[in-house]
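Dropping entry16.cif in here (mmCIF, C-alpha atoms):
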```cif
data_coords
#
loop_
_atom_site.group_PDB
_atom_site.id
_atom_site.type_symbol
_atom_site.label_atom_id
_atom_site.label_comp_id
_atom_site.auth_asym_id
_atom_site.auth_seq_id
_atom_site.Cartn_x
_atom_site.Cartn_y
_atom_site.Cartn_z
ATOM 1 C CA MET U 27 8.619 11.070 2.836
ATOM 2 C CA THR U 28 11.378 8.554 2.510
ATOM 3 C CA ILE U 29 13.320 6.787 -0.211
ATOM 4 C CA GLN U 30 11.771 3.395 -0.863
ATOM 5 C CA SER U 31 11.557 0.731 -3.553
ATOM 6 C CA ASN U 32 9.246 -2.215 -4.149
ATOM 7 C CA ASP U 33 10.928 -5.585 -4.502
ATOM 8 C CA PHE U 34 11.037 -7.275 -7.872
ATOM 9 C CA PRO U 35 13.595 -9.422 -9.734
ATOM 10 C CA ARG U 36 16.475 -7.477 -11.309
ATOM 11 C CA PRO U 37 19.709 -8.641 -12.925
ATOM 12 C CA ALA U 38 21.527 -5.763 -11.245
ATOM 13 C CA LYS U 39 20.655 -2.449 -9.620
ATOM 14 C CA PRO U 40 21.863 0.939 -10.802
ATOM 15 C CA ARG U 41 25.000 2.149 -9.072
ATOM 16 C CA ILE U 42 25.392 5.678 -7.705
ATOM 17 C CA ALA U 43 28.904 6.906 -6.890
ATOM 18 C CA LEU U 44 29.485 9.771 -4.467
ATOM 19 C CA MET U 45 32.693 11.452 -5.548
ATOM 20 C CA GLY U 46 34.689 14.636 -5.020
ATOM 21 C CA GLU U 47 37.795 15.835 -3.259
ATOM 22 C CA PHE U 48 38.553 15.213 0.416
ATOM 23 C CA SER U 49 36.113 16.767 2.897
ATOM 24 C CA ALA U 50 33.570 17.713 0.242
ATOM 25 C CA GLY U 51 30.582 16.209 2.073
ATOM 26 C CA LYS U 52 30.388 12.803 0.366
ATOM 27 C CA SER U 53 30.055 10.786 3.568
ATOM 28 C CA THR U 54 27.522 13.213 5.016
ATOM 29 C CA LEU U 55 25.499 12.793 1.829
ATOM 30 C CA ALA U 56 25.802 9.002 2.100
ATOM 31 C CA ASN U 57 24.466 9.115 5.663
ATOM 32 C CA LEU U 58 21.575 11.319 4.553
ATOM 33 C CA LEU U 59 20.604 8.935 1.764
ATOM 34 C CA LEU U 60 21.057 5.851 3.954
ATOM 35 C CA GLU U 61 18.927 7.457 6.696
ATOM 36 C CA GLN U 62 21.527 6.434 9.279
ATOM 37 C CA GLU U 63 25.131 7.233 10.110
ATOM 38 C CA HIS U 64 27.253 4.466 8.661
ATOM 39 C CA SER U 65 29.694 6.303 6.419
ATOM 40 C CA PRO U 66 32.468 7.775 8.622
ATOM 41 C CA VAL U 67 33.035 11.513 8.436
ATOM 42 C CA GLN U 68 36.019 13.620 9.500
ATOM 43 C CA VAL U 69 38.585 10.891 9.150
ATOM 44 C CA THR U 70 42.086 11.057 7.741
ATOM 45 C CA ALA U 71 42.105 11.659 3.997
ATOM 46 C CA THR U 72 41.647 8.375 2.098
ATOM 47 C CA GLN U 73 41.885 6.317 5.292
ATOM 48 C CA LEU U 74 39.118 4.065 3.948
ATOM 49 C CA PRO U 75 38.897 2.358 0.578
ATOM 50 C CA PRO U 76 35.705 2.948 -1.415
ATOM 51 C CA VAL U 77 32.694 1.700 0.562
ATOM 52 C CA TRP U 78 30.063 -0.096 -1.533
ATOM 53 C CA TYR U 79 26.621 -0.135 0.109
ATOM 54 C CA SER U 80 23.977 -2.594 -1.103
ATOM 55 C CA PHE U 81 20.714 -3.933 0.304
ATOM 56 C CA GLY U 82 20.907 -6.901 2.661
ATOM 57 C CA ASP U 83 22.068 -7.978 6.101
ATOM 58 C CA SER U 84 25.184 -10.051 5.392
ATOM 59 C CA PRO U 85 28.375 -9.227 7.340
ATOM 60 C CA PRO U 86 30.759 -6.716 5.703
ATOM 61 C CA GLN U 87 33.405 -8.031 3.341
ATOM 62 C CA GLN U 88 36.633 -6.538 2.091
ATOM 63 C CA VAL U 89 38.034 -6.983 -1.384
ATOM 64 C CA THR U 90 41.748 -7.583 -0.951
ATOM 65 C CA LEU U 91 44.467 -5.980 -3.026
ATOM 66 C CA GLU U 92 44.654 -9.255 -4.952
ATOM 67 C CA GLY U 93 40.922 -9.108 -5.773
ATOM 68 C CA ALA U 94 39.694 -11.814 -3.364
ATOM 69 C CA ARG U 95 36.640 -11.308 -1.146
ATOM 70 C CA GLN U 96 36.941 -12.166 2.530
ATOM 71 C CA PRO U 97 35.282 -11.202 5.821
ATOM 72 C CA VAL U 98 36.598 -8.042 7.391
ATOM 73 C CA GLN U 99 39.482 -9.097 9.613
ATOM 74 C CA LYS U 100 39.462 -6.066 11.928
ATOM 75 C CA PRO U 101 36.933 -5.410 14.732
ATOM 76 C CA HIS U 102 34.977 -3.047 12.472
ATOM 77 C CA TRP U 103 35.053 -2.312 8.747
ATOM 78 C CA ARG U 104 35.725 1.364 9.489
ATOM 79 C CA ASP U 105 39.168 0.239 10.728
ATOM 80 C CA VAL U 106 40.207 -1.075 7.301
ATOM 81 C CA CYS U 107 42.794 1.112 5.574
ATOM 82 C CA LEU U 108 43.225 1.887 1.918
ATOM 83 C CA GLY U 109 46.576 0.134 1.839
ATOM 84 C CA GLU U 110 44.956 -3.095 3.118
ATOM 85 C CA ALA U 111 41.969 -3.473 0.791
ATOM 86 C CA GLN U 112 40.732 -1.949 -2.426
ATOM 87 C CA LEU U 113 37.034 -2.042 -1.523
ATOM 88 C CA ILE U 114 34.676 -2.632 1.409
ATOM 89 C CA GLU U 115 31.246 -4.142 0.741
ATOM 90 C CA VAL U 116 28.610 -3.234 3.335
ATOM 91 C CA GLN U 117 25.008 -4.462 3.300
ATOM 92 C CA LEU U 118 22.264 -2.462 5.006
ATOM 93 C CA GLU U 119 18.476 -2.650 5.038
ATOM 94 C CA ALA U 120 18.110 0.952 3.890
ATOM 95 C CA ASP U 121 15.254 1.986 1.623
ATOM 96 C CA VAL U 122 17.443 3.750 -0.929
ATOM 97 C CA LEU U 123 19.460 0.559 -1.398
ATOM 98 C CA GLU U 124 16.391 -1.258 -2.680
ATOM 99 C CA ALA U 125 16.499 1.103 -5.669
ATOM 100 C CA ALA U 126 20.264 1.422 -6.208
ATOM 101 C CA ASP U 127 23.680 0.573 -4.815
ATOM 102 C CA LEU U 128 25.630 3.461 -3.294
ATOM 103 C CA ILE U 129 29.419 3.834 -3.449
ATOM 104 C CA ASP U 130 31.206 6.323 -1.180
ATOM 105 C CA VAL U 131 34.528 7.018 -2.937
ATOM 106 C CA PRO U 132 37.515 8.546 -1.082
ATOM 107 C CA GLY U 133 38.810 11.975 -2.027
ATOM 108 C CA THR U 134 39.853 11.626 -5.652
ATOM 109 C CA CYS U 135 42.723 14.116 -5.632
ATOM 110 C CA ASP U 136 44.559 12.818 -2.576
ATOM 111 C CA PRO U 137 48.066 11.577 -3.527
ATOM 112 C CA ASN U 138 47.529 8.439 -1.426
ATOM 113 C CA LEU U 139 44.699 7.310 -3.723
ATOM 114 C CA PRO U 140 46.108 5.635 -6.858
ATOM 115 C CA ALA U 141 44.281 6.538 -10.047
ATOM 116 C CA GLN U 142 43.370 2.878 -10.583
ATOM 117 C CA TYR U 143 41.031 2.965 -7.573
ATOM 118 C CA TRP U 144 38.593 5.477 -8.984
ATOM 119 C CA GLU U 145 39.268 4.618 -12.638
ATOM 120 C CA THR U 146 38.105 1.047 -12.024
ATOM 121 C CA LEU U 147 35.026 2.182 -10.129
ATOM 122 C CA ILE U 148 34.032 4.805 -12.681
ATOM 123 C CA THR U 149 33.574 2.104 -15.323
ATOM 124 C CA GLN U 150 31.193 0.249 -13.003
ATOM 125 C CA VAL U 151 28.728 3.008 -12.062
ATOM 126 C CA ASP U 152 25.629 4.443 -13.721
ATOM 127 C CA LEU U 153 25.621 7.970 -12.351
ATOM 128 C CA VAL U 154 27.729 10.196 -10.110
ATOM 129 C CA ILE U 155 26.946 12.867 -7.564
ATOM 130 C CA TRP U 156 30.109 14.970 -7.532
ATOM 131 C CA CYS U 157 30.337 16.962 -4.291
ATOM 132 C CA THR U 158 32.221 20.254 -4.252
ATOM 133 C CA PRO U 159 32.235 22.591 -1.203
ATOM 134 C CA ALA U 160 30.790 26.067 -1.723
ATOM 135 C CA HIS U 161 33.807 27.950 -0.369
ATOM 136 C CA GLN U 162 36.019 26.544 -3.131
ATOM 137 C CA ALA U 163 33.519 25.177 -5.611
ATOM 138 C CA TRP U 164 34.721 23.427 -8.764
ATOM 139 C CA ARG U 165 38.480 23.703 -8.537
ATOM 140 C CA GLN U 166 40.727 23.190 -11.523
ATOM 141 C CA SER U 167 41.870 19.824 -10.156
ATOM 142 C CA GLU U 168 38.258 18.621 -10.093
ATOM 143 C CA ALA U 169 37.597 19.813 -13.624
ATOM 144 C CA ALA U 170 40.751 18.135 -14.963
ATOM 145 C CA LEU U 171 39.726 14.771 -13.514
ATOM 146 C CA TRP U 172 36.040 14.960 -14.423
ATOM 147 C CA GLU U 173 36.774 15.783 -18.054
ATOM 148 C CA THR U 174 38.323 12.295 -18.373
ATOM 149 C CA VAL U 175 35.008 10.631 -17.433
ATOM 150 C CA PRO U 176 33.020 9.161 -20.356
ATOM 151 C CA GLU U 177 30.480 11.582 -21.784
ATOM 152 C CA GLU U 178 27.640 9.086 -21.331
ATOM 153 C CA LEU U 179 28.242 9.074 -17.581
ATOM 154 C CA ARG U 180 28.620 12.856 -17.374
ATOM 155 C CA GLU U 181 25.190 13.228 -18.989
ATOM 156 C CA ARG U 182 23.631 11.304 -16.068
ATOM 157 C CA SER U 183 25.560 12.990 -13.253
ATOM 158 C CA LEU U 184 25.031 15.853 -10.830
ATOM 159 C CA LEU U 185 27.457 18.516 -9.632
ATOM 160 C CA LEU U 186 26.321 19.203 -6.065
ATOM 161 C CA ILE U 187 27.663 22.311 -4.334
ATOM 162 C CA THR U 188 27.701 21.369 -0.657
ATOM 163 C CA ARG U 189 27.904 23.522 2.474
ATOM 164 C CA ILE U 190 26.053 26.317 0.747
ATOM 165 C CA ASP U 191 24.721 27.292 4.185
ATOM 166 C CA LYS U 192 28.243 28.440 5.087
ATOM 167 C CA ILE U 193 27.855 31.227 2.518
ATOM 168 C CA LEU U 194 25.779 33.779 4.375
ATOM 169 C CA SER U 195 24.955 36.187 1.566
ATOM 170 C CA GLU U 196 22.198 35.157 -0.849
ATOM 171 C CA ASP U 197 23.933 37.146 -3.580
ATOM 172 C CA ASP U 198 27.154 35.240 -2.959
ATOM 173 C CA ARG U 199 25.269 31.935 -3.087
ATOM 174 C CA ARG U 200 23.756 32.861 -6.437
ATOM 175 C CA ARG U 201 27.153 33.915 -7.776
ATOM 176 C CA ILE U 202 28.763 30.637 -6.707
ATOM 177 C CA LEU U 203 25.995 28.591 -8.314
ATOM 178 C CA GLN U 204 26.108 30.680 -11.483
ATOM 179 C CA ARG U 205 29.893 30.411 -11.777
ATOM 180 C CA ALA U 206 29.800 26.634 -11.306
ATOM 181 C CA THR U 207 27.001 26.363 -13.870
ATOM 182 C CA ASN U 208 28.925 28.465 -16.377
ATOM 183 C CA GLU U 209 32.118 26.462 -15.924
ATOM 184 C CA ALA U 210 30.736 22.936 -15.464
ATOM 185 C CA GLY U 211 27.156 22.953 -16.709
ATOM 186 C CA HIS U 212 28.173 21.343 -19.992
ATOM 187 C CA LEU U 213 29.902 18.524 -18.087
ATOM 188 C CA PHE U 214 26.918 17.476 -15.952
ATOM 189 C CA ALA U 215 23.221 16.830 -16.405
ATOM 190 C CA GLN U 216 22.538 19.351 -13.640
ATOM 191 C CA VAL U 217 24.326 21.708 -11.244
ATOM 192 C CA SER U 218 22.665 22.227 -7.826
ATOM 193 C CA ALA U 219 23.497 23.508 -4.362
ATOM 194 C CA ALA U 220 22.455 21.983 -1.036
ATOM 195 C CA SER U 221 22.897 22.298 2.704
ATOM 196 C CA LEU U 222 23.132 18.695 3.879
ATOM 197 C CA THR U 223 23.353 19.693 7.543
ATOM 198 C CA GLU U 224 20.120 21.687 7.253
ATOM 199 C CA ALA U 225 18.373 18.634 5.830
ATOM 200 C CA LEU U 226 19.736 16.435 8.626
ATOM 201 C CA ALA U 227 18.576 18.954 11.236
ATOM 202 C CA ALA U 228 14.988 19.093 9.941
ATOM 203 C CA PRO U 229 14.210 15.637 8.558
ATOM 204 C CA HIS U 230 10.412 16.014 8.830
ATOM 205 C CA ASP U 231 10.129 19.596 7.552
ATOM 206 C CA GLU U 232 9.407 19.554 3.824
ATOM 207 C CA THR U 233 9.798 23.320 3.594
ATOM 208 C CA ALA U 234 13.286 23.047 5.085
ATOM 209 C CA LEU U 235 14.124 20.179 2.759
ATOM 210 C CA GLU U 236 13.119 22.235 -0.249
ATOM 211 C CA ARG U 237 15.050 25.221 1.081
ATOM 212 C CA SER U 238 18.130 23.081 1.729
ATOM 213 C CA GLY U 239 18.254 21.890 -1.890
ATOM 214 C CA VAL U 240 18.001 18.208 -0.914
ATOM 215 C CA ALA U 241 14.501 17.882 -2.401
ATOM 216 C CA ASP U 242 15.829 18.990 -5.778
ATOM 217 C CA MET U 243 18.706 16.517 -5.513
ATOM 218 C CA VAL U 244 16.351 13.593 -4.830
ATOM 219 C CA ARG U 245 14.143 14.586 -7.755
ATOM 220 C CA PHE U 246 17.266 14.490 -9.917
ATOM 221 C CA LEU U 247 18.043 10.964 -8.674
ATOM 222 C CA ILE U 248 14.533 9.834 -9.533
ATOM 223 C CA ARG U 249 14.849 11.138 -13.094
ATOM 224 C CA MET U 250 18.279 9.634 -13.652
ATOM 225 C CA LEU U 251 17.388 6.237 -12.191
ATOM 226 C CA GLU U 252 14.360 6.145 -14.467
ATOM 227 C CA ARG U 253 16.674 6.836 -17.404
ATOM 228 C CA VAL U 254 19.155 4.159 -16.381
ATOM 229 C CA GLY U 255 16.468 1.520 -15.829
ATOM 230 C CA ASP U 256 17.530 -2.084 -15.396
ATOM 231 C CA THR U 257 21.148 -3.069 -15.924
ATOM 232 C CA SER U 258 22.442 -6.386 -17.152
ATOM 233 C CA ARG U 259 25.809 -6.324 -15.422
ATOM 234 C CA GLY U 260 26.861 -8.919 -12.917
ATOM 235 C CA PRO U 261 28.461 -8.058 -9.574
ATOM 236 C CA PHE U 262 31.429 -5.732 -9.449
ATOM 237 C CA VAL U 263 34.618 -7.609 -10.251
ATOM 238 C CA PRO U 264 37.644 -5.705 -8.947
ATOM 239 C CA HIS U 265 40.907 -5.841 -10.823
ATOM 240 C CA VAL U 266 44.366 -4.878 -9.654
ATOM 241 C CA GLU U 267 47.289 -4.894 -12.043
ATOM 242 C CA ALA U 268 50.305 -6.881 -10.967
ATOM 243 C CA GLY U 269 52.587 -4.777 -8.809
ATOM 244 C CA ALA U 270 50.100 -1.908 -8.635
ATOM 245 C CA ALA U 271 48.961 -2.379 -5.032
ATOM 246 C CA PRO U 272 49.631 0.761 -2.986
ATOM 247 C CA PRO U 273 51.755 0.675 0.154
ATOM 248 C CA PRO U 274 49.991 1.109 3.510
ATOM 249 C CA LEU U 275 49.432 4.726 4.450
ATOM 250 C CA ALA U 276 51.929 6.224 6.830
ATOM 251 C CA ASP U 277 49.148 7.393 9.131
ATOM 252 C CA ALA U 278 45.767 5.735 8.811
ATOM 253 C CA THR U 279 44.463 6.525 12.272
ATOM 254 C CA PRO U 280 41.058 8.221 12.532
ATOM 255 C CA VAL U 281 41.224 11.782 13.798
ATOM 256 C CA ALA U 282 37.675 11.881 15.098
ATOM 257 C CA THR U 283 35.601 9.940 17.552
ATOM 258 C CA PRO U 284 33.268 7.267 16.156
ATOM 259 C CA PRO U 285 30.106 8.736 14.629
ATOM 260 C CA THR U 286 27.068 9.009 16.837
ATOM 261 C CA ALA U 287 23.797 7.403 15.907
ATOM 262 C CA ALA U 288 21.603 9.370 13.545
ATOM 263 C CA PRO U 289 18.131 10.416 14.628
ATOM 264 C CA PRO U 290 15.662 7.575 14.001
ATOM 265 C CA GLY U 291 13.441 7.746 10.979
ATOM 266 C CA LEU U 292 15.454 10.237 8.934
ATOM 267 C CA ILE U 293 13.180 11.621 6.253
ATOM 268 C CA VAL U 294 14.115 12.858 2.806
ATOM 269 C CA PRO U 295 11.801 14.743 0.502
ATOM 270 C CA ARG U 296 10.577 12.140 -1.969
ATOM 271 C CA ARG U 297 9.906 8.443 -2.055
ATOM 272 C CA ILE U 298 11.588 6.485 -4.770
ATOM 273 C CA VAL U 299 9.140 3.701 -5.470
ATOM 274 C CA ARG U 300 9.789 0.853 -7.863
ATOM 275 C CA LYS U 301 6.569 -0.029 -9.663
ATOM 276 C CA ASN U 302 6.186 -1.998 -12.881
ATOM 277 C CA ARG U 303 9.937 -1.767 -13.364
ATOM 278 C CA GLN U 304 9.749 2.027 -13.269
ATOM 279 C CA LEU U 305 10.783 4.563 -10.663
ATOM 280 C CA ALA U 306 8.211 7.141 -9.657
ATOM 281 C CA ALA U 307 7.843 9.805 -7.000
ATOM 282 C CA ARG U 308 4.819 9.806 -4.784
ATOM 283 C CA PRO U 309 3.806 11.707 -1.647
ATOM 284 C CA THR U 310 3.622 10.008 1.698
ATOM 285 C CA ALA U 311 0.094 9.069 2.650
#
```

Rewritten as structure tokens:
Amino acid sequence: MTIQSNDFPRPAKPRIALMGEFSAGKSTLANLLLEQEHSPVQVTATQLPPVWYSFGDSPPQQVTLEGARQPVQKPHWRDVCLGEAQLIEVQLEADVLEAADLIDVPGTCDPNLPAQYWETLITQVDLVIWCTPAHQAWRQSEAALWETVPEELRERSLLLITRIDKILSEDDRRRILQRATNEAGHLFAQVSAASLTEALAAPHDETALERSGVADMVRFLIRMLERVGDTSRGPFVPHVEAGAAPPPLADATPVATPPTAAPPGLIVPRRIVRKNRQLAARPTA
């Protein structure tokens, strides 16, 4: 079963932000939802600006530090650095993007990422999946930042404990999930744990998808997108205060080879189908 949406006129689609600290699994989650590897993983912290994925096939654009949109000047949009642009807009013909836009936000606690980057974005999104790795789940720095987010947005957002497969003991997994729920449950609509790599490794195995926690995450998205419904906002309009543009990073060179192509036909556990201006889950025929 895959994430899909029927076409129909909308003033604007809901916007899902993937957030968390550096190396928390945000880009891996983006690739899982997009059913293809487009969001770079294992790159230098905050090398890229936020990447805004929407449905379509137009060439990528970058939003300059002055707020102007222009074609990406470098050979590939993955080569654009945070000090050169405040946002990259990428269009893909991915099923999930027919239901919602997806924003992959750089690590929020990196000193190279000015607060204005995520503060501007957070006012433009409808729900957040906050990724936190199991081995150091829900750090104090994450809690301090998330508590500044408007309550309305927190009530539509998910705390996702990633890399839970790295915790070998089932008792330890339960303790991590329980601790995160106790400490952050009142700040999110739901707290869940998932192994994204397990879901990527078994895209057609519904039992594995349930076991990985990804099925539960997609069901959460369905519920929250139903709650959000249609939005009346226009396109995202970036804003940079005079003199607030960050300097180029000292080292913005990728530390990993370019991502390899994802297996064709990546499957996730539920379809998101737009019908009569409602989102509903249905099994694959």

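Considering only C-alpha atoms, the residue among U:Leu147, U:Leu58, U:Val131, U:Ala50 positioned nearest to Val240 in chain U is U:Leu58.
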
Write out as a PyMOL selection string each polymer residue whose atoms come within 6 Å of range 100-108 of chain U, counting all atoms listed in the file; drop sequence neighbours fewer than 6 positions from it. chain U and resi 73-75

Go ahead and fit an axis-aligned box to every listed atom of range 119-132 of chain U plus 5 Å each side, and pass me the centre and edge lengths in Å, one decimal, as AutoDock Vina command-line options.
```
--center_x 26.4 --center_y 2.9 --center_z -0.6 --size_x 32.3 --size_y 21.2 --size_z 21.2
```

What residues have an atom no more than 9 Å from (23.5, -8.9, -3.9) in the file's own frame, counting only C-alpha atoms, and can you write them as JSON, numbers by chain? {"U": [38, 80, 81, 82, 117, 261]}

Can you spell out as a PyMOL selection string the set of residues that the PyMOL selection byres ((chain U and resi 235) around 10) selects in the structure I just provided? chain U and resi 220-222+224-234+236-242+293-296

Convert the current residue selection to file output with C-alpha atoms, as an mmCIF file, keeping the file's coordinate frame.
```cif
data_model
loop_
_atom_site.group_PDB
_atom_site.id
_atom_site.type_symbol
_atom_site.label_atom_id
_atom_site.label_comp_id
_atom_site.auth_asym_id
_atom_site.auth_seq_id
_atom_site.Cartn_x
_atom_site.Cartn_y
_atom_site.Cartn_z
ATOM 1 C CA ALA U 220 22.455 21.983 -1.036
ATOM 2 C CA SER U 221 22.897 22.298 2.704
ATOM 3 C CA LEU U 222 23.132 18.695 3.879
ATOM 4 C CA GLU U 224 20.120 21.687 7.253
ATOM 5 C CA ALA U 225 18.373 18.634 5.830
ATOM 6 C CA LEU U 226 19.736 16.435 8.626
ATOM 7 C CA ALA U 227 18.576 18.954 11.236
ATOM 8 C CA ALA U 228 14.988 19.093 9.941
ATOM 9 C CA PRO U 229 14.210 15.637 8.558
ATOM 10 C CA HIS U 230 10.412 16.014 8.830
ATOM 11 C CA ASP U 231 10.129 19.596 7.552
ATOM 12 C CA GLU U 232 9.407 19.554 3.824
ATOM 13 C CA THR U 233 9.798 23.320 3.594
ATOM 14 C CA ALA U 234 13.286 23.047 5.085
ATOM 15 C CA GLU U 236 13.119 22.235 -0.249
ATOM 16 C CA ARG U 237 15.050 25.221 1.081
ATOM 17 C CA SER U 238 18.130 23.081 1.729
ATOM 18 C CA GLY U 239 18.254 21.890 -1.890
ATOM 19 C CA VAL U 240 18.001 18.208 -0.914
ATOM 20 C CA ALA U 241 14.501 17.882 -2.401
ATOM 21 C CA ASP U 242 15.829 18.990 -5.778
ATOM 22 C CA ILE U 293 13.180 11.621 6.253
ATOM 23 C CA VAL U 294 14.115 12.858 2.806
ATOM 24 C CA PRO U 295 11.801 14.743 0.502
ATOM 25 C CA ARG U 296 10.577 12.140 -1.969
#
```

Can you spell out as a PDB file with C-alpha atoms, in the coordinates of the input the set of residues that the PyMOL selection byres ((chain U and resi 186-189) around 9) selects in the structure I just provided?
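And here is the file that came out, out-v1.pdb:
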```pdb
ATOM      1  CA  ALA U  50      33.570  17.713   0.242  1.00  0.00           C
ATOM      2  CA  GLY U  51      30.582  16.209   2.073  1.00  0.00           C
ATOM      3  CA  ILE U 155      26.946  12.867  -7.564  1.00  0.00           C
ATOM      4  CA  TRP U 156      30.109  14.970  -7.532  1.00  0.00           C
ATOM      5  CA  CYS U 157      30.337  16.962  -4.291  1.00  0.00           C
ATOM      6  CA  THR U 158      32.221  20.254  -4.252  1.00  0.00           C
ATOM      7  CA  PRO U 159      32.235  22.591  -1.203  1.00  0.00           C
ATOM      8  CA  ALA U 160      30.790  26.067  -1.723  1.00  0.00           C
ATOM      9  CA  HIS U 161      33.807  27.950  -0.369  1.00  0.00           C
ATOM     10  CA  ALA U 163      33.519  25.177  -5.611  1.00  0.00           C
ATOM     11  CA  TRP U 164      34.721  23.427  -8.764  1.00  0.00           C
ATOM     12  CA  LEU U 184      25.031  15.853 -10.830  1.00  0.00           C
ATOM     13  CA  LEU U 185      27.457  18.516  -9.632  1.00  0.00           C
ATOM     14  CA  ILE U 190      26.053  26.317   0.747  1.00  0.00           C
ATOM     15  CA  ASP U 191      24.721  27.292   4.185  1.00  0.00           C
ATOM     16  CA  LYS U 192      28.243  28.440   5.087  1.00  0.00           C
ATOM     17  CA  ILE U 193      27.855  31.227   2.518  1.00  0.00           C
ATOM     18  CA  ILE U 202      28.763  30.637  -6.707  1.00  0.00           C
ATOM     19  CA  LEU U 203      25.995  28.591  -8.314  1.00  0.00           C
ATOM     20  CA  ALA U 206      29.800  26.634 -11.306  1.00  0.00           C
ATOM     21  CA  GLN U 216      22.538  19.351 -13.640  1.00  0.00           C
ATOM     22  CA  VAL U 217      24.326  21.708 -11.244  1.00  0.00           C
ATOM     23  CA  SER U 218      22.665  22.227  -7.826  1.00  0.00           C
ATOM     24  CA  ALA U 219      23.497  23.508  -4.362  1.00  0.00           C
ATOM     25  CA  ALA U 220      22.455  21.983  -1.036  1.00  0.00           C
ATOM     26  CA  SER U 221      22.897  22.298   2.704  1.00  0.00           C
ATOM     27  CA  LEU U 222      23.132  18.695   3.879  1.00  0.00           C
ATOM     28  CA  THR U 223      23.353  19.693   7.543  1.00  0.00           C
ATOM     29  CA  MET U 243      18.706  16.517  -5.513  1.00  0.00           C
TER      30      MET U 243
END
```

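Using all atoms listed in the file, the smallest distance between any of U:Asp152, U:Glu47, U:Glu61, U:Glu252 and Ala120 in chain U comes from U:Glu61.
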
Which of these, U:Gln150, U:Glu181, U:Gly46, U:Tyr79, has the shortest distance to Ala125 in chain U once you count all atoms listed in the file?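 With all atoms listed in the file as the atom set, the closest residue is U:Tyr79.
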
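With all atoms listed in the file as the basis for measurement, U:Ala43 is the residue among U:Ala43, U:Leu171, U:Val254, U:Leu179 that approaches Ala56 in chain U most closely.
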
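CA of Pro132 in chain U is positioned 13.0 Å from CA of Ala111 in chain U.
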
Check what the PyMOL selection byres ((chain U and resi 148) around 12) selects in the file above and give those residues as a PyMOL selection string. chain U and resi 41-45+76+129-131+134+141-147+149-155+171-172+174-180+183+262+264

Quick one: of U:Gly133, U:Thr207, U:Arg245, U:Asp127, who's nearest to Ser167 in chain U, counting all atoms listed in the file? U:Gly133

As an exercise, work out the distance from CA of Gln204 in chain U to CA of Leu60 in chain U in Å and give it to one decimal place.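 Computed distance, CA of Gln204 in chain U to CA of Leu60 in chain U, equals 29.7 Å.
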
I want to know what sits within 7 Å of Asp83 in chain U, based on all atoms listed in the file, with residues of the same chain fewer than 2 positions away left out; could you give that as number ranges by chain? U: 85, 117-119

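Put simply, CA of Leu123 in chain U is 25.9 Å away from CA of Leu91 in chain U.
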